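Have a look at the structure below before the remarks.
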Amino acid sequence: MDFRFTEEHEMVGELARKFAENEVRPLAMDIDRNADVPKELIDKISELGFMGIPFPEEYGGGDLGEIGYCILTEEIARVCLSTAATIGGHVSIGAMAVYLGGTEEQKQRLLPEMCMGEKLAAFALTEPQAGSDAGAISTTAVRKGDKYILNGQKTFITNGGIADVYSVFAVTNPGAGLRGVSAFLVDKNLPGFTAGSPEAKMGIRGSHTTDLFFEDVEVPAENLLGEENQGFPLAMKTLDVGRIGVGAQCLGGAKGVLELSKQHALQRVQFGKPIAKLQAIQWMLAEMATEVYNMENAVYRTAWMCDNNIPFSRQSAMTKLYCSEAFGRIVDHAVQIHGGMGYMSEYPIERFYRDARIMRIYEGTNEIQKLVIARDVLKQ
Ligand code: COS
């Protein structure tokens with residue numbers, strides 16, 4: 001067994017860390033306050049090649065696999081979860097659906113622009129009446145000559161309104177249930193396609209979340225991803241990968257608040273000594289560090305399984321479940337260690353506390369993760 005990263009992985013980690021410290025951390029407060037990850041920051045992320053990091057070189061990617069993606073995500077999430085979520089919506093689910101579901105011709109045609117960040121991507125599955133029950137979607141796509149006509153509504157779409165292209169799931173065979181869903185790559189400029197206003201949110205406020213509306217949108221048949229009626233398994237496969245990335249977001253956020261808590265504990269003097277000398281604080285730091293270690297193992301072992309084509313559906317659900325719950329406990333300790341300062345919006349801990357809450361909800365609620373895990377346990 002060799003748990004070390006490759007030299008390329010170490011290098012991208014170093015690059016991502018420097019970028020996060022120098023370019024993202026100084027903006028993180030404003031990103032939250034203004035509810036916007038600035039376009040200039042997204043452009044810089046693209047210029048560094050981060051937007052295609054897991055995908056093979058032949059499609060314009062960084063060829064660093066899911067491990068590379070998790071390293072990048074972790075470093076960005078350490079300082080700003082809104083920025084990590086924006087990258088995630090693009091790489092980990094938006095472009096990932098094209099990579100996993102597209103034909104060879106489609107991947108050659110569509111992925112390079114996404115990998116370069118020239119086209120920002122999003123993943124559109126959820127609808128007002130189809131959240132956890134993803135199979136209940138009612139957006140329709142009807143074939144008409146060399147086009148599909150899309151009608152319906154999506155909701156809570158990460159990168160909604162700012163993305164250039166959307167991986168959209170729609171019903172192509174209404175009588176066939178989950179076997180009648182197809183995936184399409186939809187360009188933002190198509191007539192009849194509009195995004196709603198950005199939602200006001202508790203956390204990851206800088207990440208854009210909107211509804212999408214489709215009114216007789218004519219999508220060229222060449223943008224049907226893969227085969228007709230194979231969309232539902234594709235959505236599930238994409239989310240399997242996406243959930244590892246959510247684990248990496250949690251891991252980065254947890255490392256970020258552990259570091260801030262350590263610094264605070266060493267500096268804050270009460271009862272005549274730094275509070276780091278108090279066992280009450282030490283125990284919290286010890287619990288936080290132990291959970292971070294477990295999170296790290298879960299994220300990178302599952303990413304390694306993904307990169308080595310070992311089935312990992314159950315493990316990615318476990319990673320997402322465990323990491324998001326652990327992050328919730330860790331950030332709660334972080335607030336406690338910071339005391340009153342942890343509750344004030346002037347300090348970053350309060351932001352992390354709000355940002356952490358979505359991790360137990362998006363890319364499948366933790367109840368759905370337990371369902372996926374339990375089904376697999378019972379099947380074995
Ligand atoms: N990989 C590939 N195929 C999968 C799969 C996976 N991980 N999981 C399910 N499938 C396939 C199944 O094999 C089945 O195909 P067949 O009928 O051909 O065998 C089909 O998809 C339906 O699967 P299942 O019977 O498990 O569907 P259910 O409706 O019972 O449950 C859940 C599906 C609940 C797991 C799914 O709806 C889900 O993940 N919901 C959460 C959605 C979500 O995460 N939303 C977040 C917002 S998007 S960012």
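Residues are referred to by chain and number: the chain letter is A, B, ... according to the order shown in the structure tokens, the number counts from 1 in that chain, and ligands are numbered separately from 1 in the order shown.
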* To do: Find the residues near Glu228 of chain A: any atom within 10 Å, counting only C-alpha atoms, skip ones fewer than 6 places away on the same chain, and give them as a ChimeraX atom specification.
  => /A:171-173,179-184
* **Those in segment 188-220 of chain A with strand (DSSP E or B) from DSSP, as a list of chain:residue names** =>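 Result set for segment 188-220 of chain A (strand (DSSP E or B)): A:Phe193, A:Thr194, A:Ala195, A:Thr209, A:Thr210, A:Asp211, A:Leu212, A:Phe213, A:Phe214, A:Glu215, A:Asp216, A:Val217, A:Glu218, A:Val219, A:Pro220.
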Expected file: the selected residues, N, CA and C atoms, as a short mmCIF file (atom, residue, chain, number, x, y, z; two decimals), in the first residue's frame:
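Result file follows (part_26.cif):
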data_model
loop_
_atom_site.label_atom_id
_atom_site.label_comp_id
_atom_site.auth_asym_id
_atom_site.auth_seq_id
_atom_site.Cartn_x
_atom_site.Cartn_y
_atom_site.Cartn_z
N PHE A 193 -35.12 29.37 -23.26
CA PHE A 193 -34.41 28.90 -22.06
C PHE A 193 -34.04 30.11 -21.20
N THR A 194 -34.54 30.14 -19.95
CA THR A 194 -34.21 31.27 -19.06
C THR A 194 -33.89 30.76 -17.66
N ALA A 195 -33.09 31.57 -16.95
CA ALA A 195 -32.78 31.26 -15.55
C ALA A 195 -33.52 32.25 -14.67
N THR A 209 -27.46 30.04 -7.22
CA THR A 209 -28.46 28.98 -7.25
C THR A 209 -29.73 29.56 -7.85
N THR A 210 -30.22 28.98 -8.93
CA THR A 210 -31.44 29.52 -9.55
C THR A 210 -32.35 28.40 -10.05
N ASP A 211 -33.55 28.80 -10.40
CA ASP A 211 -34.45 27.94 -11.19
C ASP A 211 -34.02 28.03 -12.65
N LEU A 212 -34.47 27.08 -13.45
CA LEU A 212 -34.30 27.16 -14.91
C LEU A 212 -35.66 26.89 -15.53
N PHE A 213 -35.97 27.61 -16.59
CA PHE A 213 -37.27 27.43 -17.26
C PHE A 213 -37.06 27.07 -18.72
N PHE A 214 -37.79 26.08 -19.18
CA PHE A 214 -37.69 25.63 -20.57
C PHE A 214 -39.06 25.77 -21.23
N GLU A 215 -39.13 26.62 -22.22
CA GLU A 215 -40.40 26.79 -22.96
C GLU A 215 -40.15 26.53 -24.43
N ASP A 216 -40.51 25.35 -24.88
CA ASP A 216 -40.29 24.95 -26.28
C ASP A 216 -38.84 25.22 -26.73
N VAL A 217 -37.92 24.79 -25.91
CA VAL A 217 -36.50 24.99 -26.24
C VAL A 217 -36.07 23.90 -27.23
N GLU A 218 -35.54 24.32 -28.35
CA GLU A 218 -35.14 23.36 -29.40
C GLU A 218 -33.67 23.00 -29.23
N VAL A 219 -33.44 21.80 -28.75
CA VAL A 219 -32.06 21.34 -28.52
C VAL A 219 -31.65 20.43 -29.68
N PRO A 220 -30.53 20.71 -30.34
CA PRO A 220 -30.10 19.85 -31.44
C PRO A 220 -29.91 18.41 -30.96
#
* as an NGL selection string, please: all residues of segment 70-232 of chain A that backbone DSSP puts in alpha helix (DSSP H). => :A and (70-77 or 81-88 or 96-101 or 104-115 or 231-232)
* Between A:Val331, A:Ile337, A:Ala200, A:Ile157, which one has atoms that come closest to ligand 1, using only C-alpha atoms and all ligand atoms? ->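 Distance minimum relative to ligand 1 lands on A:Ile157.
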Kindly provide, as a PDB file with C-alpha atoms, in the first residue's frame, all nucleotide and amino acid residues lying within 6 Å of ligand 1, counting only C-alpha atoms and all ligand atoms.
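What follows is the written file result.pdb:
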ATOM      1  CA  LEU A 125     -31.724  17.354 -12.391  1.00  0.00           C
ATOM      2  CA  THR A 126     -33.788  18.661  -9.452  1.00  0.00           C
ATOM      3  CA  GLY A 131     -35.755  16.418  -5.135  1.00  0.00           C
ATOM      4  CA  SER A 132     -34.799  13.237  -3.271  1.00  0.00           C
ATOM      5  CA  ASP A 133     -37.149  11.354  -5.584  1.00  0.00           C
ATOM      6  CA  ALA A 134     -35.103  12.263  -8.644  1.00  0.00           C
ATOM      7  CA  GLY A 135     -37.045   9.789 -10.770  1.00  0.00           C
ATOM      8  CA  LEU A 178     -36.778   5.722 -14.707  1.00  0.00           C
ATOM      9  CA  PHE A 232     -31.294   8.248 -15.096  1.00  0.00           C
ATOM     10  CA  PRO A 233     -28.381   5.842 -14.584  1.00  0.00           C
ATOM     11  CA  MET A 236     -26.788   8.487 -10.612  1.00  0.00           C
ATOM     12  CA  LYS A 237     -23.271   7.733 -11.902  1.00  0.00           C
ATOM     13  CA  ASP A 240     -21.599   9.009  -7.353  1.00  0.00           C
ATOM     14  CA  SER A 313     -21.182   3.950  -5.316  1.00  0.00           C
ATOM     15  CA  TYR A 362     -26.994  18.881  -1.548  1.00  0.00           C
ATOM     16  CA  GLU A 363     -26.014  16.177  -4.038  1.00  0.00           C
ATOM     17  CA  GLY A 364     -28.421  13.939  -2.163  1.00  0.00           C
ATOM     18  CA  ILE A 368     -30.675   9.406   0.654  1.00  0.00           C
ATOM     19  CA  VAL A 372     -28.006   3.992  -1.019  1.00  0.00           C
TER      20      VAL A 372
END
* Any idea what the distance is between atom CA of Gly13 of chain A and atom CA of Tyr293 of chain A? ->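 Computing it gives 17.5 Å between the two atoms.
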